[in-house]
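Shown next: target_9.cif, containing mmCIF, C-alpha atoms and all ligand atoms.
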data_structure
loop_
_atom_site.group_PDB
_atom_site.id
_atom_site.type_symbol
_atom_site.label_atom_id
_atom_site.label_comp_id
_atom_site.auth_asym_id
_atom_site.auth_seq_id
_atom_site.Cartn_x
_atom_site.Cartn_y
_atom_site.Cartn_z
ATOM 1 C CA MET A 1 43.104 62.223 -65.769
ATOM 2 C CA LEU A 2 40.247 59.823 -66.117
ATOM 3 C CA SER A 3 37.693 62.350 -65.029
ATOM 4 C CA ARG A 4 39.146 64.771 -67.559
ATOM 5 C CA THR A 5 38.617 62.129 -70.226
ATOM 6 C CA LEU A 6 35.084 61.622 -69.027
ATOM 7 C CA PHE A 7 34.194 65.262 -69.182
ATOM 8 C CA ASN A 8 36.291 66.295 -72.155
ATOM 9 C CA GLY A 9 33.932 67.215 -74.948
ATOM 10 C CA SER A 10 31.032 65.544 -73.251
ATOM 11 C CA ARG A 11 30.053 67.837 -70.430
ATOM 12 C CA GLN A 12 26.410 67.803 -71.350
ATOM 13 C CA ALA A 13 26.331 64.072 -71.833
ATOM 14 C CA VAL A 14 28.138 62.858 -68.783
ATOM 15 C CA ARG A 15 27.087 64.188 -65.417
ATOM 16 C CA LEU A 16 28.479 63.138 -62.124
ATOM 17 C CA VAL A 17 25.433 62.391 -60.038
ATOM 18 C CA LYS A 18 26.655 60.306 -57.198
ATOM 19 C CA SER A 19 29.901 59.188 -55.793
ATOM 20 C CA ALA A 20 31.556 56.729 -53.465
ATOM 21 C CA GLY A 21 29.546 53.599 -53.845
ATOM 22 C CA GLN A 22 26.251 55.207 -54.694
ATOM 23 C CA ARG A 23 24.427 54.168 -57.826
ATOM 24 C CA ALA A 24 22.949 56.120 -60.657
ATOM 25 C CA TYR A 25 20.290 55.002 -63.057
ATOM 26 C CA SER A 26 19.866 56.231 -66.600
ATOM 27 C CA SER A 27 16.719 56.372 -68.649
ATOM 28 C CA ALA A 28 18.728 55.545 -71.724
ATOM 29 C CA GLY A 29 17.591 53.324 -74.567
ATOM 30 C CA ALA A 30 18.947 49.832 -74.791
ATOM 31 C CA ALA A 31 20.410 49.167 -78.166
ATOM 32 C CA GLY A 32 23.739 50.420 -79.366
ATOM 33 C CA PRO A 33 25.041 51.606 -82.693
ATOM 34 C CA ALA A 34 25.376 48.091 -84.027
ATOM 35 C CA ALA A 35 21.697 47.667 -83.467
ATOM 36 C CA SER A 36 20.662 50.590 -85.600
ATOM 37 C CA GLY A 37 17.030 50.128 -86.398
ATOM 38 C CA ALA A 38 16.731 47.923 -83.361
ATOM 39 C CA ARG A 39 16.538 50.602 -80.710
ATOM 40 C CA THR A 40 14.103 49.815 -77.981
ATOM 41 C CA SER A 41 10.851 51.541 -78.672
ATOM 42 C CA GLY A 42 9.643 49.874 -75.501
ATOM 43 C CA LEU A 43 10.285 51.004 -72.003
ATOM 44 C CA THR A 44 13.819 50.852 -70.755
ATOM 45 C CA LEU A 45 13.948 50.541 -67.036
ATOM 46 C CA GLY A 46 16.913 51.705 -65.090
ATOM 47 C CA ALA A 47 19.589 51.104 -67.674
ATOM 48 C CA LEU A 48 22.470 50.979 -65.282
ATOM 49 C CA SER A 49 25.256 52.599 -67.198
ATOM 50 C CA MET A 50 28.269 50.890 -65.745
ATOM 51 C CA VAL A 51 30.758 53.572 -66.488
ATOM 52 C CA GLY A 52 32.027 53.809 -62.974
ATOM 53 C CA ALA A 53 35.402 55.392 -62.498
ATOM 54 C CA GLY A 54 37.197 54.577 -59.290
ATOM 55 C CA SER A 55 34.659 54.924 -56.536
ATOM 56 C CA ALA A 56 32.334 57.132 -58.545
ATOM 57 C CA TRP A 57 29.399 56.355 -60.758
ATOM 58 C CA TYR A 58 28.486 58.480 -63.711
ATOM 59 C CA TYR A 59 25.171 59.092 -65.372
ATOM 60 C CA GLN A 60 25.423 59.011 -69.116
ATOM 61 C CA SER A 61 22.875 60.185 -71.607
ATOM 62 C CA GLN A 62 22.446 58.214 -74.822
ATOM 63 C CA SER A 63 22.143 61.493 -76.644
ATOM 64 C CA GLY A 64 25.719 62.328 -75.787
ATOM 65 C CA PRO A 65 28.838 61.665 -77.832
ATOM 66 C CA LEU A 66 28.758 57.916 -77.490
ATOM 67 C CA GLY A 67 32.013 57.464 -79.311
ATOM 68 C CA THR A 68 33.898 59.246 -76.562
ATOM 69 C CA PRO A 69 36.296 56.741 -75.032
ATOM 70 C CA LEU A 70 35.686 56.508 -71.316
ATOM 71 C CA TYR A 71 38.863 54.694 -70.496
ATOM 72 C CA ASN A 72 41.803 54.505 -72.851
ATOM 73 C CA ASP A 73 43.082 52.731 -75.924
ATOM 74 C CA SER A 74 43.711 49.494 -74.051
ATOM 75 C CA ARG A 75 40.012 49.074 -73.350
ATOM 76 C CA THR A 76 38.718 45.528 -73.898
ATOM 77 C CA PRO A 77 36.676 45.258 -77.114
ATOM 78 C CA ALA A 78 32.929 45.265 -76.420
ATOM 79 C CA ALA A 79 32.570 41.609 -77.281
ATOM 80 C CA GLY A 80 35.726 40.599 -75.441
ATOM 81 C CA ILE A 81 38.652 38.550 -76.713
ATOM 82 C CA LYS A 82 37.890 34.976 -77.695
ATOM 83 C CA GLY A 83 39.838 32.263 -75.904
ATOM 84 C CA THR A 84 41.310 34.551 -73.246
ATOM 85 C CA SER A 85 40.360 35.595 -69.728
ATOM 86 C CA GLN A 86 38.745 38.585 -71.423
ATOM 87 C CA GLU A 87 36.251 36.463 -73.309
ATOM 88 C CA ARG A 88 32.729 37.838 -72.920
ATOM 89 C CA THR A 89 29.242 36.412 -73.206
ATOM 90 C CA PHE A 90 25.737 37.814 -73.264
ATOM 91 C CA ILE A 91 23.476 36.443 -70.546
ATOM 92 C CA ALA A 92 19.868 37.533 -70.142
ATOM 93 C CA VAL A 93 17.459 36.704 -67.361
ATOM 94 C CA LYS A 94 14.241 36.496 -69.312
ATOM 95 C CA PRO A 95 10.926 37.961 -68.042
ATOM 96 C CA ASP A 96 9.914 34.736 -66.293
ATOM 97 C CA GLY A 97 13.199 34.713 -64.368
ATOM 98 C CA VAL A 98 12.631 38.316 -63.316
ATOM 99 C CA GLN A 99 9.001 37.619 -62.295
ATOM 100 C CA ARG A 100 10.159 34.674 -60.258
ATOM 101 C CA ALA A 101 12.778 36.762 -58.441
ATOM 102 C CA LEU A 102 15.687 34.631 -59.623
ATOM 103 C CA VAL A 103 17.928 37.489 -60.752
ATOM 104 C CA GLY A 104 19.958 37.577 -57.572
ATOM 105 C CA ASP A 105 20.612 33.862 -57.573
ATOM 106 C CA ILE A 106 21.712 33.879 -61.193
ATOM 107 C CA ILE A 107 24.088 36.775 -60.676
ATOM 108 C CA LYS A 108 25.396 35.078 -57.560
ATOM 109 C CA ARG A 109 26.231 31.904 -59.494
ATOM 110 C CA PHE A 110 28.264 33.761 -62.092
ATOM 111 C CA GLU A 111 30.024 35.896 -59.500
ATOM 112 C CA ALA A 112 30.797 32.920 -57.298
ATOM 113 C CA ARG A 113 32.240 31.034 -60.245
ATOM 114 C CA GLY A 114 34.752 33.850 -60.676
ATOM 115 C CA TYR A 115 33.237 35.630 -63.648
ATOM 116 C CA LYS A 116 33.249 39.397 -63.875
ATOM 117 C CA LEU A 117 30.147 41.456 -64.526
ATOM 118 C CA VAL A 118 30.927 44.122 -67.118
ATOM 119 C CA GLY A 119 27.431 45.080 -68.277
ATOM 120 C CA LEU A 120 24.025 45.122 -66.598
ATOM 121 C CA LYS A 121 20.690 46.661 -67.372
ATOM 122 C CA LEU A 122 16.981 46.162 -66.866
ATOM 123 C CA THR A 123 15.075 46.649 -70.099
ATOM 124 C CA VAL A 124 11.915 45.789 -71.974
ATOM 125 C CA PRO A 125 13.256 45.094 -75.462
ATOM 126 C CA SER A 126 11.450 46.314 -78.533
ATOM 127 C CA LYS A 127 9.864 43.794 -80.881
ATOM 128 C CA SER A 128 12.518 44.671 -83.423
ATOM 129 C CA LEU A 129 15.329 43.910 -80.975
ATOM 130 C CA ALA A 130 13.788 40.586 -79.910
ATOM 131 C CA GLU A 131 13.228 39.580 -83.534
ATOM 132 C CA LYS A 132 16.854 40.306 -84.338
ATOM 133 C CA HIS A 133 18.015 38.441 -81.257
ATOM 134 C CA TYR A 134 16.015 35.350 -82.214
ATOM 135 C CA ALA A 135 16.378 35.773 -85.991
ATOM 136 C CA ASP A 136 17.520 32.157 -86.433
ATOM 137 C CA LEU A 137 14.192 30.947 -85.015
ATOM 138 C CA ARG A 138 12.023 33.073 -87.300
ATOM 139 C CA THR A 139 10.451 30.057 -89.022
ATOM 140 C CA LYS A 140 9.635 28.190 -85.811
ATOM 141 C CA PRO A 141 5.985 27.862 -84.792
ATOM 142 C CA PHE A 142 6.754 29.304 -81.347
ATOM 143 C CA PHE A 143 8.570 32.384 -82.725
ATOM 144 C CA ASN A 144 5.738 34.918 -82.322
ATOM 145 C CA GLY A 145 4.958 33.699 -78.827
ATOM 146 C CA LEU A 146 8.631 33.871 -77.921
ATOM 147 C CA VAL A 147 8.945 37.459 -79.143
ATOM 148 C CA ASP A 148 5.745 38.472 -77.356
ATOM 149 C CA TYR A 149 6.870 36.933 -74.077
ATOM 150 C CA MET A 150 10.169 38.784 -74.303
ATOM 151 C CA THR A 151 8.640 42.149 -75.229
ATOM 152 C CA ASN A 152 5.137 42.471 -73.749
ATOM 153 C CA GLY A 153 6.369 44.333 -70.704
ATOM 154 C CA LYS A 154 4.811 42.056 -68.098
ATOM 155 C CA ALA A 155 8.346 41.955 -66.766
ATOM 156 C CA PRO A 156 11.634 43.343 -68.050
ATOM 157 C CA VAL A 157 14.713 41.425 -69.124
ATOM 158 C CA VAL A 158 17.931 41.686 -67.132
ATOM 159 C CA ALA A 159 20.599 41.932 -69.799
ATOM 160 C CA MET A 160 24.156 41.219 -68.745
ATOM 161 C CA VAL A 161 27.646 40.808 -70.116
ATOM 162 C CA TRP A 162 29.992 38.524 -68.193
ATOM 163 C CA GLU A 163 33.716 38.180 -68.742
ATOM 164 C CA GLY A 164 36.236 35.457 -67.928
ATOM 165 C CA LYS A 165 37.957 32.291 -69.036
ATOM 166 C CA ASP A 166 35.870 30.142 -71.351
ATOM 167 C CA VAL A 167 32.811 32.091 -70.209
ATOM 168 C CA ILE A 168 30.801 31.374 -73.362
ATOM 169 C CA ARG A 169 30.994 27.590 -73.075
ATOM 170 C CA GLN A 170 30.927 27.519 -69.278
ATOM 171 C CA GLY A 171 27.994 29.922 -69.232
ATOM 172 C CA ARG A 172 26.005 27.531 -71.412
ATOM 173 C CA ARG A 173 26.936 24.666 -69.103
ATOM 174 C CA MET A 174 25.790 26.652 -66.098
ATOM 175 C CA LEU A 175 22.464 27.328 -67.854
ATOM 176 C CA GLY A 176 21.843 23.697 -68.782
ATOM 177 C CA ALA A 177 19.977 22.314 -71.781
ATOM 178 C CA THR A 178 17.372 24.470 -73.540
ATOM 179 C CA ASN A 179 14.681 22.022 -72.489
ATOM 180 C CA PRO A 180 14.798 22.103 -68.688
ATOM 181 C CA LEU A 181 13.653 18.501 -68.517
ATOM 182 C CA GLU A 182 16.933 17.542 -70.194
ATOM 183 C CA ALA A 183 19.107 19.893 -68.163
ATOM 184 C CA ALA A 184 21.688 18.353 -65.852
ATOM 185 C CA PRO A 185 20.978 18.598 -62.122
ATOM 186 C CA GLY A 186 22.597 21.627 -60.586
ATOM 187 C CA THR A 187 22.253 23.742 -63.698
ATOM 188 C CA ILE A 188 20.122 26.864 -63.580
ATOM 189 C CA ARG A 189 17.400 25.489 -65.831
ATOM 190 C CA ALA A 190 17.271 22.157 -64.040
ATOM 191 C CA ASP A 191 17.075 23.851 -60.675
ATOM 192 C CA TYR A 192 14.327 26.309 -61.574
ATOM 193 C CA CYS A 193 12.332 25.302 -64.663
ATOM 194 C CA THR A 194 10.214 22.619 -66.247
ATOM 195 C CA SER A 195 9.044 24.290 -69.470
ATOM 196 C CA ILE A 196 11.095 24.980 -72.596
ATOM 197 C CA GLY A 197 8.979 28.062 -73.210
ATOM 198 C CA ARG A 198 9.773 29.443 -69.751
ATOM 199 C CA ASN A 199 13.397 28.501 -69.274
ATOM 200 C CA ILE A 200 14.240 31.835 -67.550
ATOM 201 C CA ILE A 201 17.642 32.555 -69.043
ATOM 202 C CA HIS A 202 19.536 33.005 -72.282
ATOM 203 C CA GLY A 203 23.263 32.614 -72.932
ATOM 204 C CA SER A 204 25.329 33.112 -76.093
ATOM 205 C CA ASP A 205 26.232 29.795 -77.712
ATOM 206 C CA SER A 206 29.389 30.893 -79.568
ATOM 207 C CA PHE A 207 31.804 33.779 -79.875
ATOM 208 C CA GLU A 208 30.008 34.915 -83.013
ATOM 209 C CA SER A 209 26.681 34.909 -81.161
ATOM 210 C CA ALA A 210 28.222 36.763 -78.232
ATOM 211 C CA LEU A 211 29.588 39.394 -80.599
ATOM 212 C CA THR A 212 26.205 39.870 -82.256
ATOM 213 C CA GLU A 213 24.216 39.822 -79.030
ATOM 214 C CA ILE A 214 26.452 42.069 -76.962
ATOM 215 C CA THR A 215 26.463 44.732 -79.660
ATOM 216 C CA LEU A 216 22.734 44.317 -80.193
ATOM 217 C CA TRP A 217 21.811 44.821 -76.553
ATOM 218 C CA PHE A 218 24.553 47.108 -75.296
ATOM 219 C CA ASN A 219 26.156 50.332 -76.271
ATOM 220 C CA GLU A 220 29.930 50.161 -75.918
ATOM 221 C CA ASN A 221 29.841 52.855 -73.266
ATOM 222 C CA GLU A 222 27.524 50.753 -71.121
ATOM 223 C CA LEU A 223 30.282 48.183 -70.659
ATOM 224 C CA ALA A 224 32.803 48.641 -67.880
ATOM 225 C CA ASP A 225 36.467 47.706 -67.964
ATOM 226 C CA TRP A 226 37.603 47.043 -64.455
ATOM 227 C CA THR A 227 39.976 44.780 -62.573
ATOM 228 C CA PRO A 228 38.679 42.808 -59.603
ATOM 229 C CA SER A 229 41.047 42.975 -56.666
ATOM 230 C CA ASN A 230 41.033 39.173 -56.466
ATOM 231 C CA ALA A 231 41.862 38.642 -60.169
ATOM 232 C CA GLU A 232 45.207 37.002 -59.352
ATOM 233 C CA TRP A 233 43.429 34.484 -57.111
ATOM 234 C CA VAL A 234 40.803 33.593 -59.696
ATOM 235 C CA THR A 235 42.553 33.559 -63.047
ATOM 236 C CA ALA A 236 46.207 32.589 -62.540
ATOM 237 C CA ASP A 237 47.460 29.330 -64.072
ATOM 238 C CA ASN A 238 50.862 29.320 -62.308
HETATM 239 N N1 LIG B 1 9.902 23.953 -78.771
HETATM 240 C C1 LIG B 1 9.878 25.149 -78.190
HETATM 241 N N2 LIG B 1 8.735 25.644 -77.705
HETATM 242 C C2 LIG B 1 8.687 26.850 -77.127
HETATM 243 N N3 LIG B 1 9.745 27.653 -76.973
HETATM 244 C C3 LIG B 1 10.909 27.201 -77.426
HETATM 245 C C4 LIG B 1 11.058 25.928 -78.058
HETATM 246 N N4 LIG B 1 12.341 25.759 -78.411
HETATM 247 C C5 LIG B 1 12.979 26.864 -78.011
HETATM 248 N N5 LIG B 1 12.131 27.733 -77.418
HETATM 249 C C6 LIG B 1 12.445 29.045 -76.854
HETATM 250 O O1 LIG B 1 13.345 29.701 -77.713
HETATM 251 C C7 LIG B 1 14.540 29.991 -77.021
HETATM 252 C C8 LIG B 1 15.682 29.916 -77.990
HETATM 253 O O2 LIG B 1 15.793 28.602 -78.453
HETATM 254 P P1 LIG B 1 17.181 28.011 -78.908
HETATM 255 O O3 LIG B 1 16.892 26.808 -79.689
HETATM 256 O O4 LIG B 1 17.988 29.097 -79.516
HETATM 257 O O5 LIG B 1 17.783 27.527 -77.527
HETATM 258 P P2 LIG B 1 18.872 28.155 -76.584
HETATM 259 O O6 LIG B 1 19.964 28.729 -77.388
HETATM 260 O O7 LIG B 1 19.236 27.171 -75.544
HETATM 261 O O8 LIG B 1 18.029 29.236 -75.838
HETATM 262 P P3 LIG B 1 18.450 30.711 -75.564
HETATM 263 O O9 LIG B 1 18.739 31.295 -76.920
HETATM 264 O O10 LIG B 1 17.230 31.302 -74.905
HETATM 265 O O11 LIG B 1 19.637 30.622 -74.680
HETATM 266 C C9 LIG B 1 14.587 28.999 -75.895
HETATM 267 O O12 LIG B 1 15.371 29.421 -74.807
HETATM 268 C C10 LIG B 1 13.147 28.894 -75.517
HETATM 269 O O13 LIG B 1 12.780 29.989 -74.683
#

Mind turning this structure into structure tokens?
Ligand SMILES: Nc1ncnc2c1ncn2[C@@H]1O[C@H](COP(=O)(O)OP(=O)(O)OP(=O)(O)O)[C@@H](O)[C@H]1O
Amino acid sequence: MLSRTLFNGSRQAVRLVKSAGQRAYSSAGAAGPAASGARTSGLTLGALSMVGAGSAWYYQSQSGPLGTPLYNDSRTPAAGIKGTSQERTFIAVKPDGVQRALVGDIIKRFEARGYKLVGLKLTVPSKSLAEKHYADLRTKPFFNGLVDYMTNGKAPVVAMVWEGKDVIRQGRRMLGATNPLEAAPGTIRADYCTSIGRNIIHGSDSFESALTEITLWFNENELADWTPSNAEWVTADN
């Protein structure tokens, strides 16, 4: 049934390339419909289209019918549901975090906390995308340097969407203060950084930001709805 949905009307767009735990990488662009005009003109590396169904992974072309629902009507909205266990946040390991090989540790922290990864891709954002992402900082003296550091391709960004209870606020707490020198011990920035200009990670600071950022960086079909087998042991309140 699901595979019929996947292939219905989208045979050319969705190709089964590997199955049973294997992974497929797409050369797709990064930005979704909500980011029209903000598509990555830069290189997009291994955009991992997390549209896995059961034990299979599917390769999806951005040129395909992106509106095709991959799951069903009960699919979680792209930006999640505020205040529920389906709340979502946008987390990005910035180029310095990738260069310093901290991606695995950061993912590990979110996974270990009990959060669910629903979107993941490696991308060099376009200038336009970075400028939109940091639009509120446009007047700051460091703005141009910030955009250059995010987009110059010396290293990609690992863009992620995480889901779970209070994930927006807790994600920010896990990151620590913007200035690493003010970050609480044990937070990601306190553990790994000393410079505000190289603070390795970004996290949405509100539901509104998460909504904007998730739709700016991800196409809806790059986000996976799935249920971890341990969900009952992580999310129940009794
Ligand atoms: N004074 C500064 N000098 C250089 N870079 C800065 C400075 N202030 C902020 N930045 C950079 O701009 C980013 C965005 O700043 P913002 O004030 O929005 O903080 P933030 O929300 O904690 O950071 P982020 O959006 O990256 O999670 C910071 O993460 C940092 O990389």

If the PyMOL selection byres (((chain A and resi 201-205) around 6) and not hetatm) were run on this exact file, what residues would it hold? Put them as JSON, numbers by chain. {"A": [89, 90, 91, 92, 93, 94, 172, 199, 200, 206, 209, 210]}

Using C-alpha atoms, can you write the selected residues to a file as a PDB file, in the frame of the given file?
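Writing done, so here's again-v1.pdb:
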ATOM      1  CA  THR A  89      29.242  36.412 -73.206  1.00  0.00           C
ATOM      2  CA  PHE A  90      25.737  37.814 -73.264  1.00  0.00           C
ATOM      3  CA  ILE A  91      23.476  36.443 -70.546  1.00  0.00           C
ATOM      4  CA  ALA A  92      19.868  37.533 -70.142  1.00  0.00           C
ATOM      5  CA  VAL A  93      17.459  36.704 -67.361  1.00  0.00           C
ATOM      6  CA  LYS A  94      14.241  36.496 -69.312  1.00  0.00           C
ATOM      7  CA  ARG A 172      26.005  27.531 -71.412  1.00  0.00           C
ATOM      8  CA  ASN A 199      13.397  28.501 -69.274  1.00  0.00           C
ATOM      9  CA  ILE A 200      14.240  31.835 -67.550  1.00  0.00           C
ATOM     10  CA  SER A 206      29.389  30.893 -79.568  1.00  0.00           C
ATOM     11  CA  SER A 209      26.681  34.909 -81.161  1.00  0.00           C
ATOM     12  CA  ALA A 210      28.222  36.763 -78.232  1.00  0.00           C
TER      13      ALA A 210
END

Rows by chain and residue number, region 150-218 of chain A within 6 Å of region 119-133 of chain A, shortest pair, all atoms listed in the file, as JSON lines:
{"residue": "A:Thr151", "atom": "CA", "partner": "A:Pro125", "partner_atom": "CA", "distance": 5.5}
{"residue": "A:Gly153", "atom": "CA", "partner": "A:Val124", "partner_atom": "CA", "distance": 5.9}
{"residue": "A:Pro156", "atom": "CA", "partner": "A:Val124", "partner_atom": "CA", "distance": 4.6}
{"residue": "A:Val157", "atom": "CA", "partner": "A:Thr123", "partner_atom": "CA", "distance": 5.3}
{"residue": "A:Val158", "atom": "CA", "partner": "A:Leu122", "partner_atom": "CA", "distance": 4.6}
{"residue": "A:Ala159", "atom": "CA", "partner": "A:Lys121", "partner_atom": "CA", "distance": 5.3}
{"residue": "A:Met160", "atom": "CA", "partner": "A:Leu120", "partner_atom": "CA", "distance": 4.5}
{"residue": "A:Val161", "atom": "CA", "partner": "A:Gly119", "partner_atom": "CA", "distance": 4.7}

CA of Tyr149 (chain A) to CA of Asp96 (chain A), distance in Å rounded to a single decimal: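 CA of Tyr149 (chain A) sits 8.6 Å away from CA of Asp96 (chain A).
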
Answer key for the PyMOL selection byres (((chain A and resi 231) around 12) and not hetatm), residues as JSON, numbers by chain: {"A": [85, 86, 114, 115, 116, 163, 164, 165, 226, 227, 228, 229, 230, 232, 233, 234, 235, 236, 237]}

Please put the answer as JSON: centre and edge lengths, in Å with one decimal, of a box along x, y and z that encloses all listed atoms of ligand LIG 1 (chain B) plus 3 Å on each side.
{"center_x": 14.3, "center_y": 27.6, "center_z": -77.2, "size_x": 17.3, "size_y": 13.3, "size_z": 11.0}

Would you fill out region 74-87 of chain A with N, CA, C and O atoms and return it as a PDB file, in the coordinates of the input?
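Produced file result-v6.pdb, reproduced below:
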ATOM      1  N   SER A  74      43.549  50.904 -74.384  1.00  0.00           N
ATOM      2  CA  SER A  74      43.711  49.494 -74.051  1.00  0.00           C
ATOM      3  C   SER A  74      42.394  48.864 -73.596  1.00  0.00           C
ATOM      4  O   SER A  74      42.358  47.742 -73.134  1.00  0.00           O
ATOM      5  N   ARG A  75      41.337  49.563 -73.741  1.00  0.00           N
ATOM      6  CA  ARG A  75      40.012  49.074 -73.350  1.00  0.00           C
ATOM      7  C   ARG A  75      39.690  47.743 -74.045  1.00  0.00           C
ATOM      8  O   ARG A  75      39.972  47.555 -75.226  1.00  0.00           O
ATOM      9  N   THR A  76      39.108  46.812 -73.312  1.00  0.00           N
ATOM     10  CA  THR A  76      38.718  45.528 -73.898  1.00  0.00           C
ATOM     11  C   THR A  76      37.632  45.758 -74.951  1.00  0.00           C
ATOM     12  O   THR A  76      36.697  46.512 -74.709  1.00  0.00           O
ATOM     13  N   PRO A  77      37.733  45.112 -76.115  1.00  0.00           N
ATOM     14  CA  PRO A  77      36.676  45.258 -77.114  1.00  0.00           C
ATOM     15  C   PRO A  77      35.329  44.860 -76.516  1.00  0.00           C
ATOM     16  O   PRO A  77      35.272  43.984 -75.641  1.00  0.00           O
ATOM     17  N   ALA A  78      34.259  45.483 -76.998  1.00  0.00           N
ATOM     18  CA  ALA A  78      32.929  45.265 -76.420  1.00  0.00           C
ATOM     19  C   ALA A  78      32.598  43.788 -76.290  1.00  0.00           C
ATOM     20  O   ALA A  78      32.037  43.350 -75.286  1.00  0.00           O
ATOM     21  N   ALA A  79      32.935  43.024 -77.307  1.00  0.00           N
ATOM     22  CA  ALA A  79      32.570  41.609 -77.281  1.00  0.00           C
ATOM     23  C   ALA A  79      33.668  40.740 -76.671  1.00  0.00           C
ATOM     24  O   ALA A  79      33.599  39.521 -76.715  1.00  0.00           O
ATOM     25  N   GLY A  80      34.682  41.362 -76.091  1.00  0.00           N
ATOM     26  CA  GLY A  80      35.726  40.599 -75.441  1.00  0.00           C
ATOM     27  C   GLY A  80      36.730  40.004 -76.419  1.00  0.00           C
ATOM     28  O   GLY A  80      36.701  40.287 -77.619  1.00  0.00           O
ATOM     29  N   ILE A  81      37.607  39.170 -75.882  1.00  0.00           N
ATOM     30  CA  ILE A  81      38.652  38.550 -76.713  1.00  0.00           C
ATOM     31  C   ILE A  81      38.521  37.039 -76.567  1.00  0.00           C
ATOM     32  O   ILE A  81      38.720  36.479 -75.477  1.00  0.00           O
ATOM     33  N   LYS A  82      38.159  36.419 -77.672  1.00  0.00           N
ATOM     34  CA  LYS A  82      37.890  34.976 -77.695  1.00  0.00           C
ATOM     35  C   LYS A  82      39.081  34.170 -77.166  1.00  0.00           C
ATOM     36  O   LYS A  82      40.231  34.459 -77.506  1.00  0.00           O
ATOM     37  N   GLY A  83      38.798  33.185 -76.354  1.00  0.00           N
ATOM     38  CA  GLY A  83      39.838  32.263 -75.904  1.00  0.00           C
ATOM     39  C   GLY A  83      40.779  32.817 -74.846  1.00  0.00           C
ATOM     40  O   GLY A  83      41.791  32.195 -74.534  1.00  0.00           O
ATOM     41  N   THR A  84      40.457  33.976 -74.284  1.00  0.00           N
ATOM     42  CA  THR A  84      41.310  34.551 -73.246  1.00  0.00           C
ATOM     43  C   THR A  84      40.479  34.777 -71.988  1.00  0.00           C
ATOM     44  O   THR A  84      39.273  34.557 -71.973  1.00  0.00           O
ATOM     45  N   SER A  85      41.121  35.280 -70.941  1.00  0.00           N
ATOM     46  CA  SER A  85      40.360  35.595 -69.728  1.00  0.00           C
ATOM     47  C   SER A  85      39.508  36.844 -69.920  1.00  0.00           C
ATOM     48  O   SER A  85      38.790  37.250 -69.013  1.00  0.00           O
ATOM     49  N   GLN A  86      39.611  37.441 -71.099  1.00  0.00           N
ATOM     50  CA  GLN A  86      38.745  38.585 -71.423  1.00  0.00           C
ATOM     51  C   GLN A  86      37.624  38.191 -72.383  1.00  0.00           C
ATOM     52  O   GLN A  86      36.987  39.044 -72.979  1.00  0.00           O
ATOM     53  N   GLU A  87      37.394  36.899 -72.500  1.00  0.00           N
ATOM     54  CA  GLU A  87      36.251  36.463 -73.309  1.00  0.00           C
ATOM     55  C   GLU A  87      34.963  36.965 -72.644  1.00  0.00           C
ATOM     56  O   GLU A  87      34.880  37.036 -71.419  1.00  0.00           O
TER      57      GLU A  87
END
